[in-house]
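Undergrad: Contents of protein-v1.cif (mmCIF, C-alpha atoms) are given next:
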data_structure
loop_
_atom_site.label_atom_id
_atom_site.label_comp_id
_atom_site.auth_asym_id
_atom_site.auth_seq_id
_atom_site.Cartn_x
_atom_site.Cartn_y
_atom_site.Cartn_z
CA MET A 1 194.51 266.65 93.11
CA ILE A 2 197.62 267.83 91.28
CA HIS A 3 199.72 265.57 93.50
CA TRP A 4 197.63 262.56 92.57
CA MET A 5 197.82 263.38 88.86
CA GLY A 6 201.60 263.80 89.08
CA GLY A 7 201.86 260.49 90.91
CA LEU A 8 199.77 258.79 88.24
CA LEU A 9 202.02 260.18 85.52
CA ILE A 10 205.12 258.90 87.30
CA VAL A 11 203.61 255.41 87.65
CA ALA A 12 202.51 255.44 83.99
CA SER A 13 205.92 256.52 82.69
CA CYS A 14 207.73 253.90 84.78
CA ALA A 15 205.34 251.22 83.50
CA ALA A 16 205.97 252.45 79.93
CA ALA A 17 209.72 252.08 80.49
CA GLY A 18 209.04 248.48 81.58
CA VAL A 19 206.92 247.84 78.48
CA GLN A 20 209.68 249.26 76.29
CA GLY A 21 212.25 246.98 77.93
CA ARG A 22 210.01 244.02 77.25
CA GLN A 23 209.46 245.11 73.64
CA MET A 24 213.21 245.33 73.21
CA LEU A 25 213.60 241.72 74.33
CA ARG A 26 210.79 240.67 71.97
CA ARG A 27 212.42 242.55 69.10
CA ARG A 28 215.64 240.60 69.71
CA VAL A 29 213.74 237.34 69.36
CA ARG A 30 212.16 238.64 66.14
CA ASP A 31 215.59 239.68 64.84
CA PHE A 32 216.94 236.17 65.34
CA MET A 33 213.86 234.66 63.68
CA GLU A 34 214.29 236.90 60.63
CA ALA A 35 218.03 236.18 60.53
CA GLU A 36 217.18 232.47 60.46
CA GLN A 37 214.71 233.03 57.63
CA LEU A 38 217.37 234.99 55.79
CA THR A 39 219.88 232.16 56.22
CA GLU A 40 217.31 229.70 54.93
CA LEU A 41 216.65 231.91 51.92
CA ILE A 42 220.36 232.13 51.14
CA ARG A 43 220.73 228.39 51.62
CA ASN A 44 217.89 227.65 49.20
CA HIS A 45 219.43 229.81 46.50
CA VAL A 46 223.08 228.96 47.07
CA CYS A 47 222.85 225.24 47.81
CA GLY A 48 219.72 224.58 45.77
CA ARG A 49 220.54 226.26 42.48
CA ARG A 50 224.10 227.55 42.92
CA ALA A 51 223.02 231.17 42.47
CA PRO A 52 225.80 233.73 42.99
CA LEU A 53 225.56 235.71 46.23
CA PRO A 54 225.02 239.17 44.67
CA GLY A 55 222.15 237.69 42.64
CA ILE A 56 220.34 236.83 45.86
CA LEU A 57 220.16 240.47 46.96
CA GLU A 58 217.12 241.11 44.76
CA GLU A 59 215.19 238.28 46.40
CA VAL A 60 216.38 239.34 49.88
CA GLU A 61 215.13 242.86 49.17
CA ARG A 62 211.78 241.51 48.02
CA ARG A 63 211.33 239.34 51.11
CA PHE A 64 212.61 241.90 53.63
CA PRO A 65 211.64 245.23 52.02
CA VAL A 66 212.09 247.36 55.15
CA ARG A 67 215.46 246.05 56.27
CA PHE A 68 217.05 245.78 52.83
CA ALA A 69 215.41 248.63 50.93
CA GLY A 70 217.53 249.51 47.88
CA ALA A 71 220.29 247.01 48.77
CA ASP A 72 220.39 245.47 45.29
CA ASP A 73 220.52 248.79 43.42
CA THR A 74 223.21 250.12 45.72
CA TYR A 75 225.37 247.04 45.18
CA GLN A 76 225.09 247.45 41.39
CA ARG A 77 226.58 250.91 41.78
CA MET A 78 229.31 249.84 44.21
CA ASN A 79 232.81 249.82 42.89
CA GLY A 80 235.80 248.26 44.55
CA LEU A 81 234.07 247.07 47.73
CA SER A 82 234.13 243.43 48.71
CA PHE A 83 230.70 241.74 48.82
CA SER A 84 231.25 240.52 52.38
CA GLU A 85 231.97 244.08 53.57
CA TYR A 86 228.85 245.31 51.78
CA TRP A 87 226.73 242.51 53.25
CA ARG A 88 227.89 243.31 56.80
CA ALA A 89 227.04 246.98 56.25
CA CYS A 90 223.59 245.99 54.94
CA LEU A 91 222.89 243.87 58.02
CA HIS A 92 223.87 246.73 60.33
CA ALA A 93 221.82 249.22 58.33
CA GLY A 94 218.87 246.79 58.44
CA GLY A 95 218.78 247.19 62.23
CA PHE A 96 219.54 243.57 63.14
CA ASP A 97 220.72 242.78 66.66
CA PRO A 98 224.56 242.66 66.70
CA ALA A 99 224.38 239.05 67.96
CA ALA A 100 222.42 238.13 64.80
CA VAL A 101 224.63 240.16 62.46
CA GLY A 102 227.78 238.33 63.57
CA PRO A 103 227.01 234.78 62.36
CA LEU A 104 225.30 235.98 59.15
CA ALA A 105 228.13 238.32 58.19
CA GLU A 106 230.83 235.79 59.04
CA ALA A 107 229.02 233.05 57.12
CA VAL A 108 229.06 235.13 53.94
CA GLU A 109 232.67 236.15 54.59
CA VAL A 110 233.89 232.56 54.70
CA ILE A 111 231.76 231.55 51.71
CA VAL A 112 233.31 234.38 49.69
CA ALA A 113 236.73 233.16 50.86
CA GLY A 114 236.00 229.76 49.32
CA GLN A 115 234.46 227.58 52.05
CA SER A 116 231.70 225.14 51.20
CA PRO A 117 228.40 227.05 51.60
CA GLU A 118 226.42 224.00 52.74
CA ARG A 119 228.38 223.48 55.96
CA VAL A 120 228.79 227.15 56.71
CA LEU A 121 225.09 227.96 56.35
CA GLU A 122 224.09 224.92 58.33
CA TYR A 123 226.35 226.00 61.18
CA CYS A 124 225.07 229.57 60.94
CA SER A 125 221.47 228.37 61.04
CA ALA A 126 222.12 226.22 64.13
CA LEU A 127 223.91 229.08 65.88
CA LEU A 128 221.08 231.51 65.18
CA ALA A 129 218.47 228.99 66.36
CA GLN A 130 220.37 228.56 69.60
CA ARG A 131 220.65 232.31 70.11
CA ARG A 132 216.97 232.74 69.32
CA GLU A 133 216.05 230.20 71.98
CA ASP A 134 218.29 231.98 74.50
CA ALA A 135 216.69 235.31 73.59
CA ARG A 136 213.22 233.81 73.97
CA LYS A 137 214.05 232.44 77.41
CA GLN A 138 215.46 235.80 78.40
CA GLU A 139 212.33 237.53 77.14
CA GLN A 140 210.10 235.19 79.15
CA GLU A 141 212.14 235.52 82.31
CA LYS A 142 213.06 239.17 82.23
CA GLY A 143 210.05 240.59 80.36
CA ARG A 144 207.63 240.16 83.27
CA ILE A 145 210.23 241.26 85.82
CA TYR A 146 210.80 244.46 83.84
CA MET A 147 207.06 245.22 83.89
CA ALA A 148 206.56 244.40 87.56
CA PHE A 149 209.67 246.18 88.79
CA SER A 150 209.12 249.32 86.77
CA THR A 151 205.50 249.64 87.88
CA ALA A 152 206.50 248.96 91.49
CA ALA A 153 209.32 251.49 91.22
CA GLY A 154 206.85 254.08 89.88
CA CYS A 155 204.48 253.44 92.82
CA LEU A 156 207.33 253.67 95.29
CA ILE A 157 208.58 256.97 93.89
CA THR A 158 205.02 258.34 93.95
CA LEU A 159 204.53 257.30 97.57
CA ILE A 160 207.82 258.87 98.63
CA LEU A 161 207.00 262.08 96.82
CA LEU A 162 203.48 262.23 98.24
CA MET B 163 236.28 247.57 23.09
CA ARG B 164 233.58 245.79 25.06
CA GLY B 165 235.92 242.94 25.96
CA TYR B 166 238.56 245.43 27.06
CA GLN B 167 236.06 247.23 29.30
CA SER B 168 234.86 243.92 30.77
CA ALA B 169 238.44 242.91 31.58
CA LEU B 170 239.14 246.36 33.00
CA SER B 171 236.12 246.24 35.29
CA LEU B 172 237.59 243.24 37.12
CA LEU B 173 240.82 244.97 38.12
CA PRO B 174 241.24 246.61 41.53
CA VAL B 175 240.30 250.31 41.34
CA HIS B 176 243.84 251.77 41.55
CA ILE B 177 245.24 249.36 38.94
CA ARG B 178 242.23 250.01 36.72
CA ALA B 179 243.05 253.70 36.76
CA GLY B 180 246.50 252.87 35.35
CA ALA B 181 245.08 250.56 32.68
CA GLU B 182 242.58 253.23 31.61
CA GLY B 183 245.59 255.35 30.69
CA LEU B 184 246.38 253.09 27.72
CA LYS B 185 245.52 254.77 24.47
CA GLY B 186 244.89 253.98 20.79
CA LYS B 187 246.94 251.14 19.35
CA GLU B 188 248.03 249.80 22.75
CA ARG B 189 244.43 249.50 23.87
CA GLU B 190 243.44 247.83 20.60
CA THR B 191 246.24 245.27 20.69
CA ALA B 192 246.36 244.55 24.44
CA MET B 193 246.01 240.81 24.99
CA GLU B 194 246.15 240.33 28.76
CA PHE B 195 246.55 242.10 32.07
CA ARG B 196 249.02 240.33 34.32
CA LEU B 197 249.21 240.74 38.08
CA ARG B 198 252.06 239.06 39.96
CA ARG B 199 252.38 239.40 43.68
CA GLY B 200 255.21 241.79 44.61
CA TYR B 201 255.69 243.11 41.07
CA VAL B 202 254.06 245.95 39.16
CA PRO B 203 250.93 244.99 37.20
CA THR B 204 251.46 244.80 33.45
CA VAL B 205 249.57 244.67 30.18
CA LEU B 206 250.65 242.14 27.57
CA LEU B 207 251.13 243.79 24.17
CA PRO B 208 252.37 242.12 20.95
CA ASP B 209 255.89 243.37 21.67
CA GLY B 210 255.98 242.34 25.33
CA GLU B 211 254.73 243.37 28.77
CA LYS B 212 254.41 246.98 29.85
CA GLY B 213 253.84 248.26 33.42
CA ILE B 214 250.50 249.98 34.06
CA HIS B 215 250.92 251.05 37.68
CA GLU B 216 253.86 252.10 39.79
CA HIS B 217 253.03 250.14 42.96
CA PRO B 218 253.57 246.38 43.24
CA VAL B 219 250.60 244.05 43.40
CA LYS B 220 249.44 243.12 46.92
CA PRO B 221 247.72 239.87 47.94
CA SER B 222 244.52 241.85 48.58
CA ASP B 223 244.54 242.99 44.91
CA LEU B 224 244.62 239.38 43.75
CA MET B 225 241.85 238.43 46.16
CA TYR B 226 239.74 241.34 44.94
CA LEU B 227 240.21 240.24 41.35
CA GLN B 228 239.27 236.67 42.16
CA GLU B 229 236.17 237.84 44.02
CA ALA B 230 235.11 240.13 41.18
CA ALA B 231 235.64 237.37 38.61
CA CYS B 232 233.51 234.79 40.42
CA ARG B 233 230.97 237.38 41.62
CA ALA B 234 231.87 236.70 45.25
CA SER B 235 230.66 233.12 44.82
CA PRO B 236 233.61 230.71 44.45
CA TYR B 237 231.25 227.74 44.91
CA THR B 238 229.78 228.48 41.46
CA VAL B 239 233.19 227.99 39.79
CA LYS B 240 234.64 225.29 42.06
CA GLU B 241 235.59 222.93 39.24
CA SER B 242 237.31 225.54 37.08
CA LEU B 243 239.01 227.08 40.14
CA ALA B 244 240.60 223.69 40.81
CA GLN B 245 241.91 223.77 37.23
CA GLY B 246 243.33 227.26 37.69
CA TYR B 247 240.92 229.47 35.78
CA ILE B 248 237.62 231.30 36.05
CA ILE B 249 235.44 232.58 33.25
CA ALA B 250 234.09 235.96 34.32
CA PRO B 251 231.01 237.62 32.79
CA ASN B 252 231.37 238.59 29.09
CA GLY B 253 233.76 235.70 28.41
CA VAL B 254 236.81 237.17 30.16
CA ARG B 255 239.12 234.30 31.10
CA ILE B 256 241.05 234.71 34.35
CA GLY B 257 244.07 232.45 34.80
CA LEU B 258 245.01 231.81 38.42
CA CYS B 259 248.32 230.56 39.69
CA GLY B 260 249.62 229.80 43.18
CA GLN B 261 249.63 227.20 45.91
CA MET B 262 247.13 224.40 45.34
CA ASN B 263 246.13 222.20 48.28
CA ARG B 264 244.69 218.70 48.08
CA LEU B 265 241.54 218.24 50.15
CA GLU B 266 240.44 215.08 51.96
CA THR B 267 237.92 214.49 49.17
CA GLY B 268 240.74 214.28 46.64
CA GLU B 269 239.79 217.62 45.09
CA TYR B 270 242.23 220.48 44.78
CA CYS B 271 241.66 224.02 45.96
CA LEU B 272 243.63 227.18 45.43
CA ALA B 273 245.01 228.15 48.84
CA GLU B 274 247.32 231.04 47.97
CA LEU B 275 247.21 233.21 44.87
CA THR B 276 250.50 234.50 43.48
CA SER B 277 249.76 235.42 39.85
CA VAL B 278 246.67 236.26 37.85
CA SER B 279 246.23 236.86 34.14
CA VAL B 280 243.13 238.54 32.74
CA ARG B 281 242.69 237.69 29.08
CA ILE B 282 240.91 240.33 27.01
CA PRO B 283 238.30 238.71 24.74
CA ARG B 284 237.77 240.26 21.31
CA GLN B 285 235.38 239.93 18.44
CA VAL B 286 237.06 240.78 15.17
CA MET B 287 234.20 240.90 12.70
CA GLY B 288 235.24 239.74 9.25
CA CYS B 289 238.59 238.22 10.20
CA ALA B 290 237.44 234.87 8.76
CA GLU B 291 235.91 236.26 5.53
CA GLY B 292 238.84 235.14 3.37
CA LEU B 293 238.51 231.56 4.58
CA MET B 294 234.82 231.16 3.90
CA ASP B 295 234.54 231.45 0.13
CA LYS B 296 234.31 227.67 -0.50
CA PRO B 297 231.64 225.20 0.71
CA PHE B 298 232.30 224.28 4.32
CA VAL B 299 234.21 221.10 5.16
CA SER B 300 235.20 219.90 8.64
CA THR B 301 237.93 222.24 9.81
CA LEU B 302 240.48 222.27 12.60
CA ILE B 303 242.14 225.56 13.61
CA LEU B 304 245.69 225.32 14.97
CA SER B 305 247.82 227.79 16.86
CA PRO B 306 249.72 228.19 20.12
CA PRO B 307 247.81 229.77 23.06
CA GLY B 308 246.95 233.47 22.70
CA TRP B 309 247.27 233.70 18.91
CA GLY B 310 243.59 234.18 18.17
CA LYS B 311 242.11 230.71 17.70
CA THR B 312 238.93 231.55 19.55
CA THR B 313 238.55 234.90 17.76
CA LEU B 314 238.82 233.21 14.35
CA LEU B 315 236.49 230.41 15.45
CA ARG B 316 233.90 232.94 16.64
CA ASP B 317 233.92 234.75 13.32
CA MET B 318 233.69 231.53 11.32
CA ILE B 319 230.67 230.51 13.42
CA ARG B 320 229.05 233.91 12.85
CA ILE B 321 229.53 233.77 9.08
CA LEU B 322 228.32 230.18 8.70
CA SER B 323 225.37 230.78 10.99
CA ASP B 324 224.30 233.92 9.15
CA ARG B 325 224.43 231.91 5.91
CA GLY B 326 221.73 229.72 7.42
CA MET B 327 223.77 226.72 8.60
CA ARG B 328 222.53 225.26 11.92
CA ILE B 329 225.48 225.47 14.30
CA GLY B 330 225.69 223.57 17.59
CA LEU B 331 228.29 225.27 19.77
CA CYS B 332 229.70 223.42 22.82
CA ASP B 333 231.00 226.39 24.75
CA GLU B 334 232.24 224.60 27.86
CA ARG B 335 233.97 227.62 29.38
CA GLY B 336 231.71 230.27 27.91
CA GLU B 337 234.56 231.96 26.06
CA VAL B 338 233.23 231.77 22.50
CA ALA B 339 229.72 233.18 22.89
CA ALA B 340 230.25 234.70 26.38
CA CYS B 341 226.70 233.73 27.24
CA SER B 342 225.44 235.40 30.41
CA HIS B 343 221.86 235.58 31.74
CA GLY B 344 220.67 233.85 28.58
CA GLU B 345 222.20 236.42 26.20
CA ASN B 346 225.27 235.99 24.04
CA GLY B 347 227.97 238.55 24.78
CA PHE B 348 229.46 238.09 21.30
CA CYS B 349 227.66 237.78 18.01
CA VAL B 350 227.71 234.12 16.96
CA GLY B 351 225.06 234.34 14.27
CA ARG B 352 221.34 233.83 13.99
CA CYS B 353 221.34 230.03 13.59
CA THR B 354 223.68 229.12 16.46
CA ASP B 355 222.55 227.06 19.44
CA VAL B 356 224.93 227.45 22.37
CA MET B 357 225.39 224.85 25.10
CA THR B 358 227.40 226.38 27.95
CA GLY B 359 228.82 224.86 31.12
CA LEU B 360 228.78 221.19 30.08
CA PRO B 361 232.05 219.37 29.34
CA LYS B 362 232.63 219.43 25.58
CA ALA B 363 232.03 215.73 25.03
CA LYS B 364 228.74 215.74 26.95
CA GLY B 365 227.67 219.01 25.37
CA ALA B 366 228.37 217.66 21.90
CA MET B 367 226.26 214.56 22.50
CA ALA B 368 223.45 216.65 23.99
CA LEU B 369 223.47 218.98 20.97
CA LEU B 370 223.50 216.04 18.56
CA ARG B 371 220.51 214.50 20.30
CA SER B 372 218.49 217.63 20.81
CA MET B 373 219.32 220.38 18.31
CA ASN B 374 220.00 218.60 15.02
CA PRO B 375 223.06 220.69 14.09
CA GLN B 376 224.65 220.73 10.65
CA ILE B 377 227.98 221.83 12.10
CA LEU B 378 229.23 220.98 15.57
CA VAL B 379 231.73 223.42 17.08
CA MET B 380 234.18 222.74 19.90
CA ASP B 381 236.82 225.12 21.23
CA GLU B 382 240.07 223.40 22.21
CA ILE B 383 239.97 219.65 21.77
CA THR B 384 242.10 218.43 24.64
CA ALA B 385 240.74 215.17 26.02
CA PRO B 386 240.20 211.69 24.53
CA GLU B 387 236.45 212.09 25.26
CA ASP B 388 236.40 215.10 22.93
CA VAL B 389 237.86 212.95 20.17
CA VAL B 390 235.19 210.32 20.77
CA ALA B 391 232.50 213.02 20.55
CA CYS B 392 234.04 214.26 17.28
CA ALA B 393 233.90 210.74 15.87
CA ALA B 394 230.28 210.32 16.98
CA ALA B 395 229.29 213.61 15.32
CA SER B 396 231.17 212.74 12.17
CA ASN B 397 229.41 209.36 11.99
CA CYS B 398 226.07 211.16 12.24
CA GLY B 399 226.89 213.18 9.13
CA VAL B 400 227.58 216.37 11.03
CA SER B 401 230.52 218.58 9.98
CA LEU B 402 233.04 219.66 12.61
CA LEU B 403 234.69 222.95 13.41
CA ALA B 404 237.21 222.89 16.25
CA THR B 405 240.44 224.35 17.55
CA ALA B 406 243.56 222.76 18.98
CA HIS B 407 246.77 223.92 20.61
CA ALA B 408 249.61 223.24 18.19
CA PHE B 409 252.32 225.28 16.53
CA SER B 410 252.25 223.46 13.20
CA VAL B 411 250.79 220.46 11.39
CA GLU B 412 253.89 218.41 12.30
CA ASP B 413 253.30 219.30 15.93
CA LEU B 414 249.76 217.99 15.61
CA HIS B 415 250.96 214.66 14.18
CA ARG B 416 253.24 214.14 17.17
CA ARG B 417 250.45 214.39 19.74
CA GLY B 418 248.48 211.25 20.50
CA ILE B 419 244.88 212.39 20.48
CA TYR B 420 245.25 214.64 17.44
CA LYS B 421 247.13 211.96 15.54
CA GLU B 422 244.12 209.71 16.06
CA LEU B 423 241.78 212.42 14.75
CA LEU B 424 243.87 212.93 11.65
CA GLU B 425 244.17 209.20 10.96
CA ARG B 426 240.40 208.85 11.16
CA LYS B 427 240.08 211.70 8.67
CA GLU B 428 237.53 213.52 10.81
CA PHE B 429 238.82 216.84 9.45
CA GLN B 430 239.30 217.71 5.80
CA ARG B 431 240.95 221.08 6.30
CA LEU B 432 243.42 222.63 8.76
CA ILE B 433 243.84 226.34 9.30
CA VAL B 434 247.19 227.24 10.84
CA ILE B 435 247.48 230.68 12.44
CA GLU B 436 250.90 232.19 11.91
CA TYR B 437 252.13 235.33 13.58
CA SER B 438 254.87 237.45 12.15
CA GLY B 439 255.65 241.15 12.37
CA GLY B 440 252.65 241.76 14.62
CA GLU B 441 250.30 240.42 11.90
CA ARG B 442 248.26 237.23 11.96
CA GLN B 443 248.13 235.13 8.82
CA TYR B 444 245.93 232.15 8.13
CA ARG B 445 247.39 229.24 6.17
CA GLU B 446 245.06 226.57 4.85
CA VAL B 447 246.16 222.93 4.62
CA LYS B 448 243.97 220.39 2.83
CA LEU B 449 244.03 216.86 4.24
#
Just give me the structure as structure tokens.

TA:
Amino acid sequence: MIHWMGGLLIVASCAAAGVQGRQMLRRRVRDFMEAEQLTELIRNHVCGRRAPLPGILEEVERRFPVRFAGADDTYQRMNGLSFSEYWRACLHAGGFDPAAVGPLAEAVEVIVAGQSPERVLEYCSALLAQRREDARKQEQEKGRIYMAFSTAAGCLITLILL
Amino acid sequence: MRGYQSALSLLPVHIRAGAEGLKGKERETAMEFRLRRGYVPTVLLPDGEKGIHEHPVKPSDLMYLQEAACRASPYTVKESLAQGYIIAPNGVRIGLCGQMNRLETGEYCLAELTSVSVRIPRQVMGCAEGLMDKPFVSTLILSPPGWGKTTLLRDMIRILSDRGMRIGLCDERGEVAACSHGENGFCVGRCTDVMTGLPKAKGAMALLRSMNPQILVMDEITAPEDVVACAAASNCGVSLLATAHAFSVEDLHRRGIYKELLERKEFQRLIVIEYSGGERQYREVKL
């Protein structure tokens, strides 16, 4: 009986590892989707009404309260740090996938350096959309494989041990 | 001291520490901070420039200053950047100098910064009291750059406005009222309507149409369109108060656009700012 229970636990934990792998892939897709929404938000404020970048932080914090909690207040207290450095740090602290952080951080960096925000944000948006599609394909292809393989691996280990 | 603090807050942290060391009279009379690449940063005092930090200015210091002045958003000040200046919050004017590049669109952009000047704005309450004892007539204030035209103008606006005159202020660069987030950084009186961001000529026409001013104010008449706006206001029965870059009345007569203004008799009084022995004096000339 104990053997069977142990075997069941092994199968369950392997399946859980598979589920976690799949969740990770899904989270990546969600990260890219939120990064796209963030780009759109910045574009609306910057291109639509020429709002300064630091002024957007309040709205960003309101729309993404978990990822950017306290970002606006912290920036008000910052002294001597470039906005692009601060923005990059915020994106990392917000838990975005590194592949989503890159285009967003670089977009703000080049805008701060004087590039036209319209073109930069358009390019950033297109890049993120492309990466989101890649991540979605990966999630569809690998997600099921993760589940099947991990459950099968659990069964195999159980059989060997039994 | 508010203007001084605003100017100070734009400097890179290590240079700011040096500038904070200025005391008493020096702090009160400081006119500009000047940062030139490869040289020590200085403060401009009435008797010349004085170093405020031992290390030379690096390109990153200039970039930091530019970023702080435009709040990390150069696209919001694109037009003024192409003309070599930015107006930072609280009316601090930043002059930028360096390599300008011409873009395909025909616009110019600042590619490489080499020098920056941070002008310290001041409000000297009461500096215009001695000039305001008679009924107001259209007035033009003359002086070379940096001699206090805008400071005198600001105080004249405040006094007239507090006497109940409706003032329409075309503050194209936001230096006079230092309007930010809908609030004036400097006191310009209770009856002053401020139009910021529009070119002076357009701003003047908008104020004439919409705010029914008794006195129209323009800082630095420089373009023929400004002269046309002055004429339009004058024809509507509105008095004018403006400033111009000139050393003397003779200087004014030699320059085309001002000559035209004087010939049309748009102004009835000139105030010439003279500077001697560290003291400013105001000389009135009736036309």

Undergrad: Suppose you want the space between CA of Arg255 in chain B and CA of Ile329 in chain B; what is it in Å?

TA: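 For CA of Arg255 in chain B relative to CA of Ile329 in chain B, the distance reads 23.4 Å.
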
Undergrad: If you apply the PyMOL selection byres ((chain A) within 12 of (chain B)) to this file, what residues do you get, as a ChimeraX atom specification?

TA: /A:45-56,75-76,78-87,108-118

Undergrad: Give me a file of those residues, with C-alpha atoms, as a PDB file, keeping the file's coordinate frame.

TA:
ATOM      1  CA  HIS A  45     219.430 229.810  46.500  1.00  0.00           C
ATOM      2  CA  VAL A  46     223.080 228.960  47.070  1.00  0.00           C
ATOM      3  CA  CYS A  47     222.850 225.240  47.810  1.00  0.00           C
ATOM      4  CA  GLY A  48     219.720 224.580  45.770  1.00  0.00           C
ATOM      5  CA  ARG A  49     220.540 226.260  42.480  1.00  0.00           C
ATOM      6  CA  ARG A  50     224.100 227.550  42.920  1.00  0.00           C
ATOM      7  CA  ALA A  51     223.020 231.170  42.470  1.00  0.00           C
ATOM      8  CA  PRO A  52     225.800 233.730  42.990  1.00  0.00           C
ATOM      9  CA  LEU A  53     225.560 235.710  46.230  1.00  0.00           C
ATOM     10  CA  PRO A  54     225.020 239.170  44.670  1.00  0.00           C
ATOM     11  CA  GLY A  55     222.150 237.690  42.640  1.00  0.00           C
ATOM     12  CA  ILE A  56     220.340 236.830  45.860  1.00  0.00           C
ATOM     13  CA  TYR A  75     225.370 247.040  45.180  1.00  0.00           C
ATOM     14  CA  GLN A  76     225.090 247.450  41.390  1.00  0.00           C
ATOM     15  CA  MET A  78     229.310 249.840  44.210  1.00  0.00           C
ATOM     16  CA  ASN A  79     232.810 249.820  42.890  1.00  0.00           C
ATOM     17  CA  GLY A  80     235.800 248.260  44.550  1.00  0.00           C
ATOM     18  CA  LEU A  81     234.070 247.070  47.730  1.00  0.00           C
ATOM     19  CA  SER A  82     234.130 243.430  48.710  1.00  0.00           C
ATOM     20  CA  PHE A  83     230.700 241.740  48.820  1.00  0.00           C
ATOM     21  CA  SER A  84     231.250 240.520  52.380  1.00  0.00           C
ATOM     22  CA  GLU A  85     231.970 244.080  53.570  1.00  0.00           C
ATOM     23  CA  TYR A  86     228.850 245.310  51.780  1.00  0.00           C
ATOM     24  CA  TRP A  87     226.730 242.510  53.250  1.00  0.00           C
ATOM     25  CA  VAL A 108     229.060 235.130  53.940  1.00  0.00           C
ATOM     26  CA  GLU A 109     232.670 236.150  54.590  1.00  0.00           C
ATOM     27  CA  VAL A 110     233.890 232.560  54.700  1.00  0.00           C
ATOM     28  CA  ILE A 111     231.760 231.550  51.710  1.00  0.00           C
ATOM     29  CA  VAL A 112     233.310 234.380  49.690  1.00  0.00           C
ATOM     30  CA  ALA A 113     236.730 233.160  50.860  1.00  0.00           C
ATOM     31  CA  GLY A 114     236.000 229.760  49.320  1.00  0.00           C
ATOM     32  CA  GLN A 115     234.460 227.580  52.050  1.00  0.00           C
ATOM     33  CA  SER A 116     231.700 225.140  51.200  1.00  0.00           C
ATOM     34  CA  PRO A 117     228.400 227.050  51.600  1.00  0.00           C
ATOM     35  CA  GLU A 118     226.420 224.000  52.740  1.00  0.00           C
TER      36      GLU A 118
END

Undergrad: Mind checking which residues fall within 12 Å of Cys341 in chain B, counting all atoms listed in the file, ignoring those fewer than 3 positions away in the same chain, and posting them as a list of chain:residue names?

TA: B:Ile249, B:Ala250, B:Pro251, B:Asn252, B:Gly253, B:Val254, B:Leu331, B:Cys332, B:Asp333, B:Glu334, B:Arg335, B:Gly336, B:Glu337, B:Val338, B:Gly344, B:Glu345, B:Asn346, B:Gly347, B:Phe348, B:Cys349, B:Val350, B:Asp355, B:Val356, B:Met357, B:Thr358, B:Gly359

Undergrad: Would you compute the box with edges along x, y and z of the file around range 22-39 of chain A, including every atom the file lists for it and 4 Å extra on each side, and give its centre and edge lengths in Å to one decimal, as AutoDock Vina command-line options?

TA:
--center_x 214.7 --center_y 238.7 --center_z 66.5 --size_x 18.4 --size_y 21.2 --size_z 29.5

Undergrad: Applied to this file, what does the PyMOL selection byres ((chain A and resi 142-149) around 10) return in terms of residues, put as an mmCIF file with C-alpha atoms, in the coordinates of the input?

TA:
data_model
loop_
_atom_site.group_PDB
_atom_site.id
_atom_site.type_symbol
_atom_site.label_atom_id
_atom_site.label_comp_id
_atom_site.auth_asym_id
_atom_site.auth_seq_id
_atom_site.Cartn_x
_atom_site.Cartn_y
_atom_site.Cartn_z
ATOM 1 C CA CYS A 14 207.730 253.900 84.780
ATOM 2 C CA ALA A 15 205.340 251.220 83.500
ATOM 3 C CA ALA A 16 205.970 252.450 79.930
ATOM 4 C CA ALA A 17 209.720 252.080 80.490
ATOM 5 C CA GLY A 18 209.040 248.480 81.580
ATOM 6 C CA VAL A 19 206.920 247.840 78.480
ATOM 7 C CA GLN A 20 209.680 249.260 76.290
ATOM 8 C CA GLY A 21 212.250 246.980 77.930
ATOM 9 C CA ARG A 22 210.010 244.020 77.250
ATOM 10 C CA GLN A 23 209.460 245.110 73.640
ATOM 11 C CA MET A 24 213.210 245.330 73.210
ATOM 12 C CA LEU A 25 213.600 241.720 74.330
ATOM 13 C CA ARG A 26 210.790 240.670 71.970
ATOM 14 C CA ARG A 136 213.220 233.810 73.970
ATOM 15 C CA LYS A 137 214.050 232.440 77.410
ATOM 16 C CA GLN A 138 215.460 235.800 78.400
ATOM 17 C CA GLU A 139 212.330 237.530 77.140
ATOM 18 C CA GLN A 140 210.100 235.190 79.150
ATOM 19 C CA GLU A 141 212.140 235.520 82.310
ATOM 20 C CA SER A 150 209.120 249.320 86.770
ATOM 21 C CA THR A 151 205.500 249.640 87.880
ATOM 22 C CA ALA A 152 206.500 248.960 91.490
ATOM 23 C CA ALA A 153 209.320 251.490 91.220
ATOM 24 C CA GLY A 154 206.850 254.080 89.880
ATOM 25 C CA CYS A 155 204.480 253.440 92.820
#

Undergrad: Could you pull the residues within 9 Å of Met294 in chain B, counting only C-alpha atoms, minus those fewer than 4 positions along the same chain, as a list of chain:residue names?

TA: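 Once the adjacent positions are removed, what remains is B:Ala290, B:Phe298, B:Met318, B:Ile321, B:Leu322.
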
Undergrad: Evaluate the PyMOL selection byres ((chain B and resi 196-208) around 7) on the structure here and hand back the selected residues as number ranges by chain.

TA: B: 188, 191-195, 209-221, 276-280, 440

Undergrad: I'd like the contact shell of range 132-134 of chain A - 12 Å cut-off, all atoms listed in the file, skipping same-chain residues fewer than 5 positions apart - returned as a list of chain:residue names.

TA: A:Leu25, A:Arg26, A:Arg27, A:Arg28, A:Val29, A:Arg30, A:Asp31, A:Phe32, A:Met33, A:Glu34, A:Ala35, A:Glu36, A:Gln37, A:Asp97, A:Ala99, A:Ala100, A:Ser125, A:Ala126, A:Leu127, A:Glu139, A:Gln140, A:Glu141, A:Lys142
